Structure formats: structure tokens, C-alpha cells
Amino acid sequence: PGAVDDAGNREANCAPMSRSFYLIAIGGTAMTPLAALLVEKGERVLGSDLPLYPPMSDRLEALGIEVLPGFDARNVPPRVDRVVVGNLAGKDNPELVAALSRGLPVASMPETLRTEFLAGRHPVVVAGTHGKTTTTALTAWLLAAAGRSPGYLVAGEPRNFPSPSAIGTGEAFVVEGDEYSTSWEDKGPKFLHYAPRTFLLTSVEFDHADLYADLDAVKEAFRAGVAIVPPDGRIVACGDDPNVRDVLGEARARVVLYGLGDGPDLDLRAAGIEEGPEGTRFVVQPRGRAPFEVRSPLAGRHNVANALAALAAAEGLGVPAERLAAGLPSFLGVKRRLEVRATAAGVTIVDDFAHHPTAVATTLAGARRRWPGQRVWGVFEPRSLTAGRADFFEPYLAALREADAVAIAAPYHAARLSRPGAPGALDVGTLVARLAAEGKEAFTAPDPDALAGALLPRLSEGDVVVVMSSGAFGGLCGKLVQALATREVAAG
């Protein structure tokens with residue numbers, strides 16, 4: 001007759017019993033993909049969070065996962081096989097407190113990913129200050145295009161796959177390895193929990209100032225990641241970055257260096273780089289092997305480096321880089337990475353996740369090469385606690401010089417950064433004044449709506465507006481597109 005589960009559903013005796021997982025802060029960029037993996041595995045999932053917005057709200061709805069309004073101790077089910085806690089849930093989160101007091105099994109997102117999906121696989125862990133999301137998606141795509149059916153978890157929206165995560169059937173599981181904290185009780189980087197057999201390190205810079213005191217602290221985190229790769233593993237590292245080279249000393253595994261420079265020890269090098277509106281062409285020069293030409297639809301030299309990294313990492317799974325490169329032209333990228341949202345009234349609106357000064361500079365330089373001869377606007381929100389710090393003034397000044405014109409919002413966490421003992425908030429007014437003194441059109445506004453109102457009259461046909469933020473930026477992209485579409489209709 002079958003058994004009846006907690007929800008009253010009758011199951012056939014021959015069917016394996018699924019387990020139940022309750023995810024606190026289920027809407028995180030890694031938590032939602034984890035939820036999708038659990039559903040794909042046949043487990044029962046529900047969770048809680050603060051109000052969610054697309055794309056995570058849409059994904060959770062499509063998965064059929066009930067998301068309870070968080071956070072309330074009464075939300076936690078009376079019986080559950082595991083409570084998974086996202087790192088946005090602090091130690092005083094009422095649901096976490098309730099789960100611990102009742103003795104329920106509690107684990108972090110990285111711990112759950114490792115035990116449920118990485119055991120018995122070859123974890124390819126993509127880490128670094130910049131380029132993680134694109135390089136993770138690209139590595140997974142190159143393996144998929146070569147017929148290797150990898151598992152993957154991308155903390156973004158890869159455009160080649162229907163979901164940011166999949167279990168896959170192949171040996172490899174490609175996962176984005178964030179250096180941010182694991183959970184309420186473990187402030188170490190997530191990637192230390194993934195047991196990497198291939199560890200890809202794109203870059204090392206000071207970031208996450210709310211977690212790391214300085215660059216040395218960041219380096220120590222990546223040194224720990226390098227050190228846990230077993231001797232029969234593979235470390236793929238950017239040889240152009242001196243900070244990356246500085247953390248490789250504890251490596252026990254083989255180190256494969258890639259880069260765009262002329263270092264004599266590079267194992268994979270790019271030469272003859274040609275950038276244009278349709279993407280990038282370059283020659284891959286593997287050490288000791290014949291060079292070969294590749295084409296990528298992605299803009300910017302940073303994406304050439306990302307392509308080399310993905311080729312070197314995926315090659316460690318036994319597929320020659322020459323064969324893997326056949327999948328590169330069909331890679332569609334990741335949403336919010338120089339993503340063209342629309343062109344209206346002759347103005348192109350581009351959405352990008354850039355928030356660190358290096359990423360802002362790289363994004364704007366890539367836009368300039370993709371749209372040569374057009375005026376590039378850099379529209380930036382210092383969203384994160386790191387981005388809004390006063391001591392990033394000079395790096396942002398240098399980065400925003402890459403744009404022809406600049407619009408900057410007030411730091412999102414200005415009040416918090418201005419408290420006694422805090423590092424101080426980025427002085428956006430002075431930043432704009434410095435740029436204007438150098439001859440650039442530049443202005444600031446107190447909020448996204450005011451910024452849009454001041455920006456729209458300044459936009460002309462042929463302009464490219466690169467909107468950069470690590471958050472929603474108040475829906476600025478959509479508001480600009482809508483207003484420009486209305487202008488276009490009115491004009492004609």
C-alpha cells in the first residue's frame with residue numbers, strides 16, 4: 001500500500017525515501033543553486049529568507065520550493081534531516097538558534113555541498129578575487145561541450161545552462177570557490193571545504209574588508225587553499241599576478257601557470273590578441289606544443305585570461321586544450337558581465353557586477369574596446385562594505401578614468417562606514433570633483449532614482465552606459481531602458 005510521509009503523501013514501497021532539508025537564507029547566490037541540486041537529487045527542500053527578487057525568487061518558484069518569510073523560529077519544521085545555514089544568517093538568527101536548541105543536524109552550505117555532491121568526484125574549485133563566476137561557468141561549459149557532463153555550481157546566471165547548478169554524470173564537479181566566510185561559526189573561506197583536486201586561482205587582491213584586515217590576511221586564505229590540494233592534484237594559477245605567485249609556496253601539487261605576459265615559466269600563454277565588437281581572437285601557446293588560434297565572443301583582455309584559466313583547468317581532466325577550445329566560440333557568458341540589457345533611442349544599456357576598483361577598470365576598458373569610438377558612461381554604485389570605504393578613493397579615481405563620463409551613487413553603506421571607529425565612507429563628492437577637474441563630465445546623486453533623473457538628459461545617441469554594482473542598484477538598468485524606450489517612441 002505504500003508509506004505516508006510527513007506531508008501526507010503516499011509513496012510506493014519500492015521508492016527510496018527522500019530526505020528533508022531546511023535552508024535558512026535560501027535566496028543566496030550559492031544557496032539557491034544548492035537547493036536546486038538537492039531537488040535534482042530527489043530530496044525535499046524548503047527554506048526561508050527575507051523578501052526575494054528575480055532571478056532567485058523565480059528559480060525557487062520554478063523548483064516548487066516553499067520559501068517562508070524569514071526569520072522565525074516557528075518556521076523550522078518539527079522533523080528535518082538537515083538544517084543548512086547560509087552565511088548571511090548570523091549566530092543570533094532565530095531559526096538557527098531554534099535548530100541548535102532542538103538538537104537538529106545543522107551544517108553550512110559548503111559542508112552540505114561537499115558531503116552531498118563532491119564526495120567521489122573531482123572537485124575543480126575556481127577561486128580568486130576577480131573572474132570566478134565567468135571562469136567557473138566557462139570551465140563547466142568547455143567540459144560539457146567536450147562531452148564530459150560535469151557537475152557544476154555557479155554563483156551567477158550562466159547563459160549556456162538552464163540552471164546555475166547541475167549534478168552531472170562525469171568525473172568533474174566545477175564549483176565557484178568564494179573566499180568569503182563559510183558560516184556564522186566559521187569565518188574561513190568556503191573553498192577550504194570543497195576538497196579541491198584542481199584549484200584554479202585567478203587573482204589575489206585586497207577585498208572583503210569586513211572579513212580580512214589587509215592584503216596579507218587575504219593571501220593567507222589563498223595559501224591555505226593552495227596547501228590542501230593533494231600531491232596528485234593540479235593548481236592552475238595566473239602567472240601575471242605577483243600576489244598569486246606569492247601564495248604558491250605551500251603547493252604540494254603540480255602548478256600550471258597561465259598568463260598574457262612574457263614570463264618564461266608560463267605553461268599556457270596568449271599572444272596576438274585582437275579585440276573588436278565581435279569579441280576577441282588570440283593564439284594559445286602551450287609550452288612544448290604547437291600554438292593554435294581561438295576565438296571568444298567575450299570582450300576584454302581579462303576574459304582572455306579567464307579563457308586560458310579554464311582551458312588549463314579542464315585540460316587536467318584529460319581533454320587536450322586544443323579540443324576544449326572548440327567550445328569557446330559558443331560560450332555565451334554570464335548575466336551581469338557586460339550584459340547588454342537593451343539599446344533604445346540609440347543608447348546601449350549594459351549591466352555589470354563590477355564593484356572592486358580593478359573590476360571597474362577592467363570592465364570599462366573592455367567596454368571601450370567592444371564599442372570603439374562611442375562615448376562610454378561609467379555609472380557606479382559603491383554597494384558593498386569594501387566598495388564604500390574611504391581608503392579606496394585613489395583606486396576608484398584611477399578606475400573611473402577609463403570612462404568618458406561618470407555618474408556615481410552615494411555609498412550604499414555610508415552611514416555604517418561613517419560610525420565612530422569605522423574606516424569612513426568613500427567621498428563621492430570629492431571623487432566627482434576630481435574627475436570633473438580632469439575634464440570629464442561627472443556627477444553624483446543621493447539615490448538611484450535621482451541618478452537616473454540626472455543622467456537621462458545627458459544621454460545622446462551612440463552612448464554606451466555601463467551600470468556597475470554588486471547589488472540591484474535600485475533597478476537602475478530597467479528604469480533607464482524604460483525611459484529611453486519612451487523617448488524613442490516619442491521621437492518617432
# chains A, B, ... in the order shown; residues from 1 in each chain; ligands from 1
>>> closest_atom_pairs(of="range 158-230 of chain A", to="range 114-118 of chain A", cutoff="9 Å", atoms="only C-alpha atoms", output="CSV")
residue,atom,partner,partner_atom,distance
A:Ile167,CA,A:Phe117,CA,7.2
A:Ala172,CA,A:Leu118,CA,9.0
A:Phe173,CA,A:Leu118,CA,6.8
A:His193,CA,A:Arg114,CA,6.8
A:Tyr194,CA,A:Arg114,CA,5.6
A:Ala195,CA,A:Arg114,CA,7.7
>>> residues_around(residues="Val244 in chain A", least_positions_apart="6", cutoff="9 Å", atoms="only C-alpha atoms", output="list of chain:residue names")
A:Gly128, A:Leu201, A:Thr202, A:Ser203, A:Val204, A:Glu205, A:Lys219, A:Phe222, A:Ala237, A:Cys238
>>> write_last_selection(atoms="all heavy atoms", output="short mmCIF file (atom, residue, chain, number, x, y, z; two decimals), in the first residue's frame")
data_model
loop_
_atom_site.label_atom_id
_atom_site.label_comp_id
_atom_site.auth_asym_id
_atom_site.auth_seq_id
_atom_site.Cartn_x
_atom_site.Cartn_y
_atom_site.Cartn_z
N GLY A 128 39.67 33.16 -6.39
CA GLY A 128 40.37 34.38 -6.77
C GLY A 128 39.49 35.59 -6.52
O GLY A 128 38.27 35.50 -6.42
N LEU A 201 43.32 29.57 -9.43
CA LEU A 201 43.47 30.85 -8.74
C LEU A 201 43.69 31.96 -9.77
O LEU A 201 44.74 32.05 -10.40
CB LEU A 201 44.64 30.78 -7.76
CG LEU A 201 44.85 31.98 -6.82
CD1 LEU A 201 43.57 32.36 -6.11
CD2 LEU A 201 45.94 31.66 -5.83
N THR A 202 42.67 32.81 -9.93
CA THR A 202 42.69 33.83 -10.99
C THR A 202 43.44 35.09 -10.60
O THR A 202 44.04 35.74 -11.46
CB THR A 202 41.26 34.24 -11.36
OG1 THR A 202 40.65 34.88 -10.22
CG2 THR A 202 40.42 33.04 -11.76
N SER A 203 43.38 35.47 -9.31
CA SER A 203 43.90 36.77 -8.90
C SER A 203 43.84 36.86 -7.38
O SER A 203 43.03 36.18 -6.74
CB SER A 203 43.07 37.91 -9.51
OG SER A 203 41.68 37.69 -9.29
N VAL A 204 44.67 37.73 -6.82
CA VAL A 204 44.66 37.96 -5.37
C VAL A 204 44.81 39.46 -5.13
O VAL A 204 45.84 40.05 -5.48
CB VAL A 204 45.80 37.20 -4.66
CG1 VAL A 204 45.83 37.57 -3.17
CG2 VAL A 204 45.64 35.69 -4.82
N GLU A 205 43.75 40.07 -4.56
CA GLU A 205 43.79 41.47 -4.17
C GLU A 205 43.06 41.64 -2.86
O GLU A 205 42.32 40.75 -2.42
CB GLU A 205 43.13 42.35 -5.24
CG GLU A 205 43.98 42.59 -6.48
CD GLU A 205 43.46 43.78 -7.27
OE1 GLU A 205 43.64 44.93 -6.79
OE2 GLU A 205 42.89 43.56 -8.35
N LYS A 219 45.93 36.92 1.47
CA LYS A 219 46.92 35.97 0.97
C LYS A 219 46.95 34.69 1.80
O LYS A 219 47.08 33.59 1.26
CB LYS A 219 48.31 36.62 0.93
CG LYS A 219 48.50 37.64 -0.16
CD LYS A 219 49.93 38.18 -0.15
CE LYS A 219 50.18 39.16 -1.27
NZ LYS A 219 51.58 39.68 -1.28
N PHE A 222 44.27 32.31 0.71
CA PHE A 222 44.55 31.60 -0.53
C PHE A 222 45.73 30.63 -0.37
O PHE A 222 45.76 29.58 -1.01
CB PHE A 222 44.81 32.60 -1.67
CG PHE A 222 43.56 33.28 -2.14
CD1 PHE A 222 43.40 34.65 -2.00
CD2 PHE A 222 42.53 32.56 -2.73
CE1 PHE A 222 42.24 35.29 -2.42
CE2 PHE A 222 41.37 33.18 -3.17
CZ PHE A 222 41.23 34.54 -3.01
N ALA A 237 47.20 28.64 -11.94
CA ALA A 237 47.38 29.95 -11.33
C ALA A 237 47.81 30.98 -12.36
O ALA A 237 48.56 30.67 -13.30
CB ALA A 237 48.42 29.87 -10.20
N CYS A 238 47.34 32.22 -12.16
CA CYS A 238 47.68 33.31 -13.07
C CYS A 238 49.11 33.79 -12.79
O CYS A 238 49.37 34.41 -11.75
CB CYS A 238 46.69 34.46 -12.90
SG CYS A 238 47.04 35.85 -14.01
#
>>> select_by_dssp(residues="range 160-370 of chain A", states="strand (DSSP E)", output="PyMOL selection string")
chain A and resi 165-166+172-176+198-201+234-238+254-259+268-276+279-286+292-296+339-344+347-352
>>> write_last_selection(atoms="C-alpha atoms", output="CSV table (one decimal), in the first residue's frame")
chain,number,residue,atom,x,y,z
A,165,SER,CA,23.8,24.2,-11.0
A,166,ALA,CA,23.6,20.5,-12.1
A,172,ALA,CA,34.4,16.6,-12.6
A,173,PHE,CA,32.4,18.9,-10.4
A,174,VAL,CA,33.2,22.6,-11.1
A,175,VAL,CA,32.4,24.9,-8.2
A,176,GLU,CA,32.9,28.6,-7.6
A,198,THR,CA,42.1,21.1,-9.1
A,199,PHE,CA,42.4,24.6,-7.6
A,200,LEU,CA,42.2,27.5,-10.0
A,201,LEU,CA,43.5,30.9,-8.7
A,234,ARG,CA,46.6,20.4,-10.0
A,235,ILE,CA,46.9,24.1,-9.2
A,236,VAL,CA,46.2,26.4,-12.1
A,237,ALA,CA,47.4,30.0,-11.3
A,238,CYS,CA,47.7,33.3,-13.1
A,254,ARG,CA,51.8,20.5,-9.8
A,255,VAL,CA,51.4,24.2,-10.5
A,256,VAL,CA,50.3,25.2,-14.1
A,257,LEU,CA,50.9,28.9,-14.8
A,258,TYR,CA,49.0,30.8,-17.4
A,259,GLY,CA,49.1,34.4,-18.5
A,268,LEU,CA,49.9,28.5,-21.3
A,269,ARG,CA,50.2,31.9,-22.8
A,270,ALA,CA,48.1,34.1,-25.0
A,271,ALA,CA,49.6,36.1,-27.9
A,272,GLY,CA,48.4,38.1,-30.9
A,273,ILE,CA,45.3,39.4,-29.0
A,274,GLU,CA,42.9,41.1,-31.3
A,275,GLU,CA,39.9,42.8,-29.7
A,276,GLY,CA,36.8,44.0,-31.5
A,279,GLY,CA,34.8,39.5,-29.3
A,280,THR,CA,38.4,38.5,-29.2
A,281,ARG,CA,40.9,36.4,-31.2
A,282,PHE,CA,44.2,35.2,-29.8
A,283,VAL,CA,46.8,32.5,-30.2
A,284,VAL,CA,47.2,30.0,-27.4
A,285,GLN,CA,50.8,29.0,-26.9
A,286,PRO,CA,51.1,25.8,-24.7
A,292,PHE,CA,46.7,27.3,-32.0
A,293,GLU,CA,44.3,30.1,-32.7
A,294,VAL,CA,41.0,30.6,-30.8
A,295,ARG,CA,38.0,32.9,-30.9
A,296,SER,CA,36.0,34.1,-27.9
A,339,GLU,CA,25.4,42.1,-20.4
A,340,VAL,CA,23.6,44.3,-22.9
A,341,ARG,CA,20.2,44.9,-21.5
A,342,ALA,CA,18.8,46.9,-24.4
A,343,THR,CA,19.5,49.6,-27.0
A,344,ALA,CA,16.8,52.3,-27.1
A,347,VAL,CA,21.7,54.4,-26.3
A,348,THR,CA,23.1,51.0,-25.2
A,349,ILE,CA,22.5,50.0,-21.6
A,350,VAL,CA,25.0,47.5,-20.2
A,351,ASP,CA,24.7,45.7,-16.8
A,352,ASP,CA,27.8,44.6,-14.9
>>> residues_around(residues="range 323-326 of chain A", least_positions_apart="6", cutoff="9 Å", atoms="only C-alpha atoms", output="compact mmCIF listing (two decimals) with C-alpha atoms, in the first residue's frame")
# COMPACT_ATOMS: atom_id res chain seq x y z
CA LEU A 142 34.18 23.60 -22.08
CA LEU A 143 33.91 20.22 -20.33
CA ALA A 145 30.94 20.81 -24.91
CA ALA A 146 33.65 18.13 -24.92
CA GLU A 293 44.25 30.12 -32.66
CA VAL A 294 40.98 30.56 -30.80
CA ARG A 295 38.03 32.92 -30.91
CA ALA A 307 39.76 31.51 -21.13
CA LEU A 311 41.49 25.63 -20.69
CA ALA A 314 39.77 21.47 -17.86
CA GLU A 315 42.84 20.01 -19.57
>>> residues_around(residues="range 455-460 of chain A", least_positions_apart="3", cutoff="12 Å", atoms="only C-alpha atoms", output="PyMOL selection string")
chain A and resi 343-349+374-379+405-409+441-445+448-452+463-465+467+476-477+479-488
>>> closest_residue(among="A:Arg148, A:Arg301, A:Lys440, A:Arg369", to="Gly318 in chain A", atoms="only C-alpha atoms")
A:Arg148
>>> atom_distance(atom1="CA of Lys91 in chain A", atom2="CA of Gly388 in chain A")
25.2 Å
>>> residues_around(residues="range 225-227 of chain A", least_positions_apart="6", cutoff="6 Å", atoms="only C-alpha atoms", output="list in words")
Leu192, Glu250 and Ala251 of chain A
>>> closest_residue(among="A:Val97, A:Pro54, A:Pro297, A:Gly151", to="Glu40 in chain A", atoms="only C-alpha atoms")
A:Gly151
>>> closest_residue(among="A:Gly261, A:Val76, A:Ala209, A:Gly333", to="Ala137 in chain A", atoms="only C-alpha atoms")
A:Gly333
>>> closest_residue(among="A:Gly131, A:Gly327, A:Gly475, A:Gly239", to="Thr362 in chain A", atoms="only C-alpha atoms")
A:Gly131
>>> residues_around(residues="Ala422 in chain A", least_positions_apart="5", cutoff="12 Å", atoms="only C-alpha atoms", output="list in words")
Ala209, Asp210, Leu385, Thr386, Gly388, Arg389, Ala390, Asp391, His413, Ala414, Ala415, Arg416 and Leu417 of chain A
>>> write_last_selection(atoms="N, CA, C and O atoms", output="short mmCIF file (atom, residue, chain, number, x, y, z; two decimals), in the first residue's frame")
data_model
loop_
_atom_site.label_atom_id
_atom_site.label_comp_id
_atom_site.auth_asym_id
_atom_site.auth_seq_id
_atom_site.Cartn_x
_atom_site.Cartn_y
_atom_site.Cartn_z
N ALA A 209 36.68 43.74 3.07
CA ALA A 209 37.34 44.41 4.19
C ALA A 209 36.62 44.17 5.52
O ALA A 209 37.19 44.40 6.58
N ASP A 210 35.37 43.72 5.47
CA ASP A 210 34.67 43.40 6.71
C ASP A 210 35.11 42.06 7.29
O ASP A 210 34.78 41.73 8.43
N LEU A 385 30.46 46.80 1.57
CA LEU A 385 31.20 47.48 2.63
C LEU A 385 32.62 47.82 2.19
O LEU A 385 33.19 48.82 2.61
N THR A 386 33.19 46.97 1.35
CA THR A 386 34.53 47.25 0.83
C THR A 386 34.49 48.38 -0.19
O THR A 386 35.29 49.32 -0.13
N GLY A 388 32.53 50.82 -0.51
CA GLY A 388 32.20 52.13 0.02
C GLY A 388 33.23 52.73 0.95
O GLY A 388 33.01 53.81 1.51
N ARG A 389 34.39 52.08 1.11
CA ARG A 389 35.40 52.55 2.05
C ARG A 389 36.17 53.77 1.53
O ARG A 389 36.49 53.86 0.35
N ALA A 390 36.51 54.66 2.45
CA ALA A 390 37.24 55.88 2.08
C ALA A 390 38.61 55.57 1.51
O ALA A 390 39.10 56.28 0.62
N ASP A 391 39.25 54.50 1.98
CA ASP A 391 40.62 54.23 1.54
C ASP A 391 40.68 53.64 0.14
O ASP A 391 41.77 53.35 -0.36
N HIS A 413 26.38 51.74 2.05
CA HIS A 413 26.57 51.61 3.49
C HIS A 413 27.24 52.85 4.10
O HIS A 413 28.01 52.73 5.05
N ALA A 414 26.96 54.03 3.57
CA ALA A 414 27.65 55.25 4.02
C ALA A 414 27.47 55.48 5.51
O ALA A 414 28.43 55.82 6.22
N ALA A 415 26.26 55.29 6.02
CA ALA A 415 26.02 55.56 7.44
C ALA A 415 26.82 54.60 8.31
O ALA A 415 27.44 55.00 9.31
N ARG A 416 26.84 53.34 7.93
CA ARG A 416 27.57 52.34 8.71
C ARG A 416 29.07 52.59 8.67
O ARG A 416 29.78 52.45 9.67
N LEU A 417 29.57 53.00 7.50
CA LEU A 417 31.00 53.23 7.35
C LEU A 417 31.46 54.52 8.03
O LEU A 417 32.66 54.71 8.25
#
